[in-house]
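**Student:** Contents of protein28.cif (mmCIF, C-alpha atoms) are given next:
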data_data
#
loop_
_atom_site.label_atom_id
_atom_site.label_comp_id
_atom_site.auth_asym_id
_atom_site.auth_seq_id
_atom_site.Cartn_x
_atom_site.Cartn_y
_atom_site.Cartn_z
CA GLU K 1256 -39.54 -31.90 11.77
CA ASP K 1257 -40.23 -31.19 8.11
CA GLN K 1258 -37.42 -32.51 5.96
CA VAL K 1259 -36.47 -33.05 2.32
CA THR K 1260 -33.74 -35.45 1.18
CA GLN K 1261 -32.55 -35.79 -2.39
CA SER K 1262 -30.57 -38.69 -3.80
CA PRO K 1263 -28.15 -39.28 -5.27
CA GLU K 1264 -26.03 -36.21 -4.52
CA ALA K 1265 -24.42 -36.52 -7.94
CA LEU K 1266 -25.20 -38.57 -11.02
CA ARG K 1267 -23.18 -39.08 -14.16
CA LEU K 1268 -24.97 -40.41 -17.24
CA GLN K 1269 -24.05 -41.11 -20.80
CA GLU K 1270 -26.14 -39.35 -23.41
CA GLY K 1271 -29.27 -41.41 -23.97
CA GLU K 1272 -28.98 -43.30 -20.67
CA SER K 1273 -32.30 -42.81 -18.83
CA SER K 1274 -32.41 -42.54 -15.05
CA SER K 1275 -34.36 -41.13 -12.10
CA LEU K 1276 -33.68 -38.66 -9.35
CA ASN K 1277 -35.31 -39.13 -5.96
CA CYS K 1278 -36.80 -36.63 -3.53
CA SER K 1279 -38.09 -38.08 -0.28
CA TYR K 1280 -39.90 -35.89 2.23
CA THR K 1281 -41.37 -35.95 5.69
CA VAL K 1282 -43.93 -33.26 6.40
CA SER K 1283 -47.00 -33.05 8.58
CA GLY K 1284 -49.06 -32.34 5.48
CA LEU K 1285 -48.11 -31.53 1.89
CA ARG K 1286 -49.42 -28.42 0.18
CA GLY K 1287 -47.22 -28.89 -2.89
CA LEU K 1288 -43.94 -30.32 -4.17
CA PHE K 1289 -41.79 -28.35 -6.58
CA TRP K 1290 -38.94 -29.25 -8.92
CA TYR K 1291 -36.40 -26.68 -10.09
CA ARG K 1292 -33.39 -26.77 -12.37
CA GLN K 1293 -30.32 -24.72 -11.48
CA ASP K 1294 -27.47 -24.03 -13.89
CA PRO K 1295 -24.05 -22.93 -12.57
CA GLY K 1296 -24.03 -19.24 -11.68
CA LYS K 1297 -27.78 -18.86 -12.10
CA GLY K 1298 -30.90 -18.87 -10.01
CA PRO K 1299 -33.23 -21.88 -9.87
CA GLU K 1300 -35.65 -22.21 -12.76
CA PHE K 1301 -39.12 -23.61 -12.12
CA LEU K 1302 -39.95 -26.97 -13.73
CA PHE K 1303 -42.99 -28.59 -12.10
CA THR K 1304 -45.47 -28.41 -9.26
CA LEU K 1305 -47.19 -31.56 -7.98
CA TYR K 1306 -50.03 -31.37 -5.48
CA SER K 1307 -51.32 -34.87 -4.78
CA ALA K 1308 -50.14 -38.48 -4.77
CA GLY K 1309 -50.45 -40.07 -8.18
CA GLU K 1310 -50.02 -36.82 -10.05
CA GLU K 1311 -47.56 -36.69 -12.96
CA LYS K 1312 -46.18 -33.81 -15.02
CA GLU K 1313 -44.06 -33.94 -18.17
CA LYS K 1314 -41.86 -31.50 -20.03
CA GLU K 1315 -39.70 -32.64 -22.93
CA ARG K 1316 -37.41 -35.38 -21.54
CA LEU K 1317 -38.46 -34.82 -17.93
CA LYS K 1318 -41.31 -36.45 -16.05
CA ALA K 1319 -42.11 -35.82 -12.40
CA THR K 1320 -44.19 -38.19 -10.28
CA LEU K 1321 -45.44 -37.99 -6.70
CA THR K 1322 -46.30 -40.51 -4.00
CA LYS K 1323 -47.17 -39.89 -0.36
CA LYS K 1324 -43.53 -40.08 0.69
CA GLU K 1325 -41.41 -39.22 -2.33
CA SER K 1326 -41.18 -37.76 -5.77
CA PHE K 1327 -39.16 -38.90 -8.75
CA LEU K 1328 -37.80 -36.89 -11.62
CA HIS K 1329 -37.39 -39.28 -14.53
CA ILE K 1330 -35.03 -38.25 -17.31
CA THR K 1331 -35.53 -40.09 -20.57
CA ALA K 1332 -32.71 -40.23 -23.12
CA PRO K 1333 -30.87 -37.27 -21.58
CA LYS K 1334 -28.73 -34.89 -23.60
CA PRO K 1335 -25.66 -32.93 -22.45
CA GLU K 1336 -27.81 -29.79 -22.14
CA ASP K 1337 -29.77 -31.51 -19.36
CA SER K 1338 -26.67 -31.23 -17.17
CA ALA K 1339 -27.58 -29.11 -14.14
CA THR K 1340 -28.44 -29.34 -10.47
CA TYR K 1341 -32.03 -30.40 -9.86
CA LEU K 1342 -33.69 -29.10 -6.73
CA CYS K 1343 -36.76 -30.43 -4.98
CA ALA K 1344 -38.80 -28.36 -2.52
CA VAL K 1345 -41.93 -29.02 -0.48
CA ARG K 1346 -44.52 -26.65 0.88
CA PRO K 1347 -45.81 -28.01 4.18
CA VAL K 1348 -49.35 -27.31 5.30
CA SER K 1349 -47.97 -25.95 8.58
CA GLY K 1350 -46.24 -23.06 6.80
CA GLY K 1351 -49.25 -21.77 4.92
CA TYR K 1352 -48.38 -20.65 1.39
CA ASN K 1353 -45.18 -18.92 2.41
CA LYS K 1354 -42.78 -21.68 3.38
CA LEU K 1355 -40.64 -23.80 1.06
CA ILE K 1356 -38.23 -26.44 2.32
CA PHE K 1357 -35.53 -27.31 -0.20
CA GLY K 1358 -33.43 -30.41 -0.55
CA ALA K 1359 -29.69 -30.08 -1.16
CA GLY K 1360 -30.09 -31.02 -4.82
CA THR K 1361 -28.79 -33.63 -7.26
CA ARG K 1362 -25.96 -32.62 -9.60
CA LEU K 1363 -26.52 -34.26 -12.96
CA ALA K 1364 -23.80 -34.52 -15.58
CA VAL K 1365 -24.67 -35.95 -19.00
CA HIS K 1366 -21.71 -36.83 -21.17
CA PRO K 1367 -21.75 -37.26 -24.98
CA GLU E 642 -39.25 -9.90 -20.28
CA ALA E 643 -40.36 -11.18 -16.87
CA GLN E 644 -37.43 -11.06 -14.51
CA VAL E 645 -36.06 -10.65 -11.02
CA THR E 646 -32.90 -8.58 -10.80
CA GLN E 647 -30.38 -8.40 -7.97
CA ASN E 648 -27.51 -6.06 -7.33
CA PRO E 649 -24.68 -6.40 -6.80
CA ARG E 650 -23.94 -9.85 -8.23
CA TYR E 651 -20.68 -10.16 -6.33
CA LEU E 652 -19.66 -8.44 -3.12
CA ILE E 653 -16.63 -8.66 -0.85
CA THR E 654 -16.87 -6.80 2.42
CA VAL E 655 -15.46 -6.80 5.93
CA THR E 656 -17.04 -7.74 9.23
CA GLY E 657 -19.36 -5.08 10.59
CA LYS E 658 -19.69 -2.93 7.48
CA LYS E 659 -23.38 -2.46 6.72
CA LEU E 660 -24.52 -3.51 3.26
CA THR E 661 -27.69 -3.73 1.21
CA VAL E 662 -28.50 -6.15 -1.60
CA THR E 663 -31.26 -4.87 -3.84
CA CYS E 664 -33.95 -6.97 -5.48
CA SER E 665 -36.49 -5.83 -8.03
CA GLN E 666 -39.19 -7.67 -10.02
CA ASN E 667 -41.16 -6.45 -13.04
CA MET E 668 -44.09 -8.89 -12.83
CA ASN E 669 -46.25 -7.03 -10.29
CA HIS E 670 -45.99 -10.00 -7.91
CA GLU E 671 -47.27 -9.55 -4.39
CA TYR E 672 -45.03 -12.20 -2.82
CA MET E 673 -41.27 -11.86 -2.59
CA SER E 674 -38.66 -13.68 -0.56
CA TRP E 675 -34.95 -14.03 0.15
CA TYR E 676 -33.00 -17.27 0.36
CA ARG E 677 -29.43 -18.18 1.06
CA GLN E 678 -27.77 -21.20 -0.52
CA ASP E 679 -24.90 -23.01 1.16
CA PRO E 680 -23.17 -26.21 -0.01
CA GLY E 681 -24.90 -29.31 1.29
CA LEU E 682 -27.69 -27.34 2.94
CA GLY E 683 -29.85 -26.33 0.03
CA LEU E 684 -31.78 -23.10 -0.14
CA ARG E 685 -33.02 -21.71 3.16
CA GLN E 686 -35.56 -18.95 3.47
CA ILE E 687 -34.43 -15.79 5.26
CA TYR E 688 -37.44 -13.44 5.03
CA TYR E 689 -40.54 -13.16 2.92
CA SER E 690 -43.08 -10.48 2.12
CA MET E 691 -46.70 -11.03 1.18
CA ASN E 692 -47.23 -7.44 0.08
CA VAL E 693 -46.12 -3.85 0.64
CA GLU E 694 -45.32 -3.25 4.32
CA VAL E 695 -46.01 -6.94 5.16
CA THR E 696 -42.91 -8.99 5.98
CA ASP E 697 -42.18 -12.03 8.12
CA LYS E 698 -39.28 -14.21 9.18
CA GLY E 699 -38.28 -17.36 7.38
CA ASP E 700 -36.10 -20.12 8.77
CA VAL E 701 -32.81 -18.22 9.14
CA PRO E 702 -33.59 -14.52 9.79
CA GLU E 703 -30.88 -13.76 12.37
CA GLY E 704 -28.55 -10.98 11.26
CA TYR E 705 -30.78 -9.81 8.40
CA LYS E 706 -33.39 -7.11 7.89
CA VAL E 707 -35.77 -6.44 5.04
CA SER E 708 -38.21 -3.75 4.00
CA ARG E 709 -41.01 -3.61 1.43
CA LYS E 710 -41.93 -0.01 0.73
CA GLU E 711 -42.77 -0.60 -2.94
CA LYS E 712 -44.32 -3.64 -4.56
CA ARG E 713 -41.46 -4.20 -6.99
CA ASN E 714 -38.53 -3.86 -4.55
CA PHE E 715 -37.45 -6.02 -1.63
CA PRO E 716 -33.95 -5.13 -0.37
CA LEU E 717 -31.97 -7.34 2.01
CA ILE E 718 -29.99 -5.49 4.67
CA LEU E 719 -27.07 -6.83 6.66
CA GLU E 720 -26.53 -4.27 9.44
CA SER E 721 -23.33 -5.85 10.77
CA PRO E 722 -22.18 -8.67 8.50
CA SER E 723 -20.22 -11.56 9.93
CA PRO E 724 -18.18 -14.28 8.19
CA ASN E 725 -20.95 -16.86 8.73
CA GLN E 726 -23.11 -14.77 6.37
CA THR E 727 -20.77 -15.58 3.50
CA SER E 728 -23.12 -17.29 1.09
CA LEU E 729 -24.98 -17.16 -2.21
CA TYR E 730 -28.20 -15.16 -1.90
CA PHE E 731 -31.28 -15.39 -4.08
CA CYS E 732 -34.31 -13.18 -4.27
CA ALA E 733 -37.55 -14.66 -5.60
CA SER E 734 -41.07 -13.55 -6.41
CA LYS E 735 -44.29 -15.38 -7.19
CA THR E 736 -47.92 -14.80 -7.91
CA GLY E 737 -50.57 -15.32 -5.22
CA GLN E 738 -51.14 -18.56 -3.39
CA GLY E 739 -51.46 -22.13 -4.58
CA GLY E 740 -53.04 -22.97 -7.92
CA LYS E 741 -50.67 -22.46 -10.83
CA GLU E 742 -48.09 -20.54 -8.86
CA THR E 743 -44.63 -20.16 -10.34
CA GLN E 744 -41.72 -18.80 -8.37
CA TYR E 745 -39.11 -16.79 -10.26
CA PHE E 746 -35.60 -16.48 -8.89
CA GLY E 747 -33.04 -13.76 -9.46
CA PRO E 748 -29.52 -14.54 -10.70
CA GLY E 749 -27.98 -14.55 -7.22
CA THR E 750 -25.57 -12.40 -5.21
CA ARG E 751 -22.37 -14.01 -4.04
CA LEU E 752 -21.26 -12.43 -0.76
CA LEU E 753 -17.91 -12.87 0.96
CA VAL E 754 -17.49 -11.40 4.44
CA LEU E 755 -13.90 -11.20 5.62
#
Please lay out the structure from this file as structure tokens.
**Tutor:**
Amino acid sequence: EDQVTQSPEALRLQEGESSSLNCSYTVSGLRGLFWYRQDPGKGPEFLFTLYSAGEEKEKERLKATLTKKESFLHITAPKPEDSATYLCAVRPVSGGYNKLIFGAGTRLAVHP
Amino acid sequence: EAQVTQNPRYLITVTGKKLTVTCSQNMNHEYMSWYRQDPGLGLRQIYYSMNVEVTDKGDVPEGYKVSRKEKRNFPLILESPSPNQTSLYFCASKTGQGGKETQYFGPGTRLLVL
């Protein structure tokens, strides 16, 4: 069964304290892995798409990496405005281009 | 401004009273979908549509209906809501397939069924 697991469930960081969020997945074949940011009371906002192992994407303080079994979202020197829930989703080959399986998310709180 | 809009944003209803949540996008996207978000479960896909008059079931379609008569609109219909449909609902749209696809989500509709 296709599955996505994110860890930790919640993470508290001090401003400037770098860390990583994990997204591990089991799918029959991967057509893409997606990272989203979700602020309270809002819809998810697209961050990155990764398609193959070894691929990396960066945006400001965020860097996403992908291996054959997991993806990491690295946050370098975070600021309070990076506080949000980060969602990971995979698109399995079995679902064509229409299926997305989401993890439960990691709630990140960055304190000054 | 590119956006997906949903209405209403908040809704309290009673068991069995039919309701419709509207979704509209202004980006001329062919693909639209509905998700529900529940604590600890993440987002789960209810229905999706690849184009006008083309819809298909997602992972949790029971108790829901959709229609796609116009490209920009994709309403979600609950014919006889039940308390287990209390949830946060998101509509989304995206361009085509693969490549540099980006999925845009609406602001969400919080539904409480009593």
**Student:** Going by the chain IDs and residue numbers used in this file, which residues fall under the PyMOL selection byres ((chain K) within 6 of (chain E))? Write them as a list in words.
**Tutor:** Lys1297, Gly1298, Pro1299, Tyr1352, Phe1357, Gly1358 and Ala1359 of chain K
**Student:** Convert the output of the PyMOL selection byres ((chain E and resi 707) around 12) on the shown file into explicit residues, formatted as a ChimeraX atom specification.
**Tutor:** /E:660-664,673-675,687-690,693-699,702-706,708-710,714-720,732
**Student:** Apply the PyMOL selection byres ((chain K and resi 1335-1348) around 7) to the structure shown and report the selected residues as a PyMOL selection string.
**Tutor:** chain K and resi 1270+1278+1282-1294+1333-1334+1349-1351+1354-1367
**Student:** Find the distance between atom CA of Leu1317 of chain K and atom CA of Ile1330 of chain K and write it in Å to one decimal.
**Tutor:**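 That distance, rounded to one decimal, is 4.9 Å.
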**Student:** Find the residues near Asn725 of chain E: any atom within 10 Å, counting all atoms listed in the file, skip ones fewer than 4 places away on the same chain, and give them as a list in words.
**Tutor:**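 Once the nearby chain positions are removed, what remains is Thr656, Gly704, Leu753, Val754 and Leu755 of chain E.
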**Student:** Find the residues around Gln666 of chain E up to 8 Å (only C-alpha atoms counted), leave out those fewer than 5 positions away in its own chain, and share them as a PDB file with C-alpha atoms, in the coordinates of the input.
**Tutor:**
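Produced file result_31.pdb, reproduced below:
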ATOM      1  CA  ALA E 643     -40.360 -11.180 -16.870  1.00  0.00           C
ATOM      2  CA  GLN E 644     -37.430 -11.060 -14.510  1.00  0.00           C
ATOM      3  CA  VAL E 645     -36.060 -10.650 -11.020  1.00  0.00           C
ATOM      4  CA  THR E 646     -32.900  -8.580 -10.800  1.00  0.00           C
ATOM      5  CA  ARG E 713     -41.460  -4.200  -6.990  1.00  0.00           C
ATOM      6  CA  ASN E 714     -38.530  -3.860  -4.550  1.00  0.00           C
ATOM      7  CA  SER E 734     -41.070 -13.550  -6.410  1.00  0.00           C
TER       8      SER E 734
END
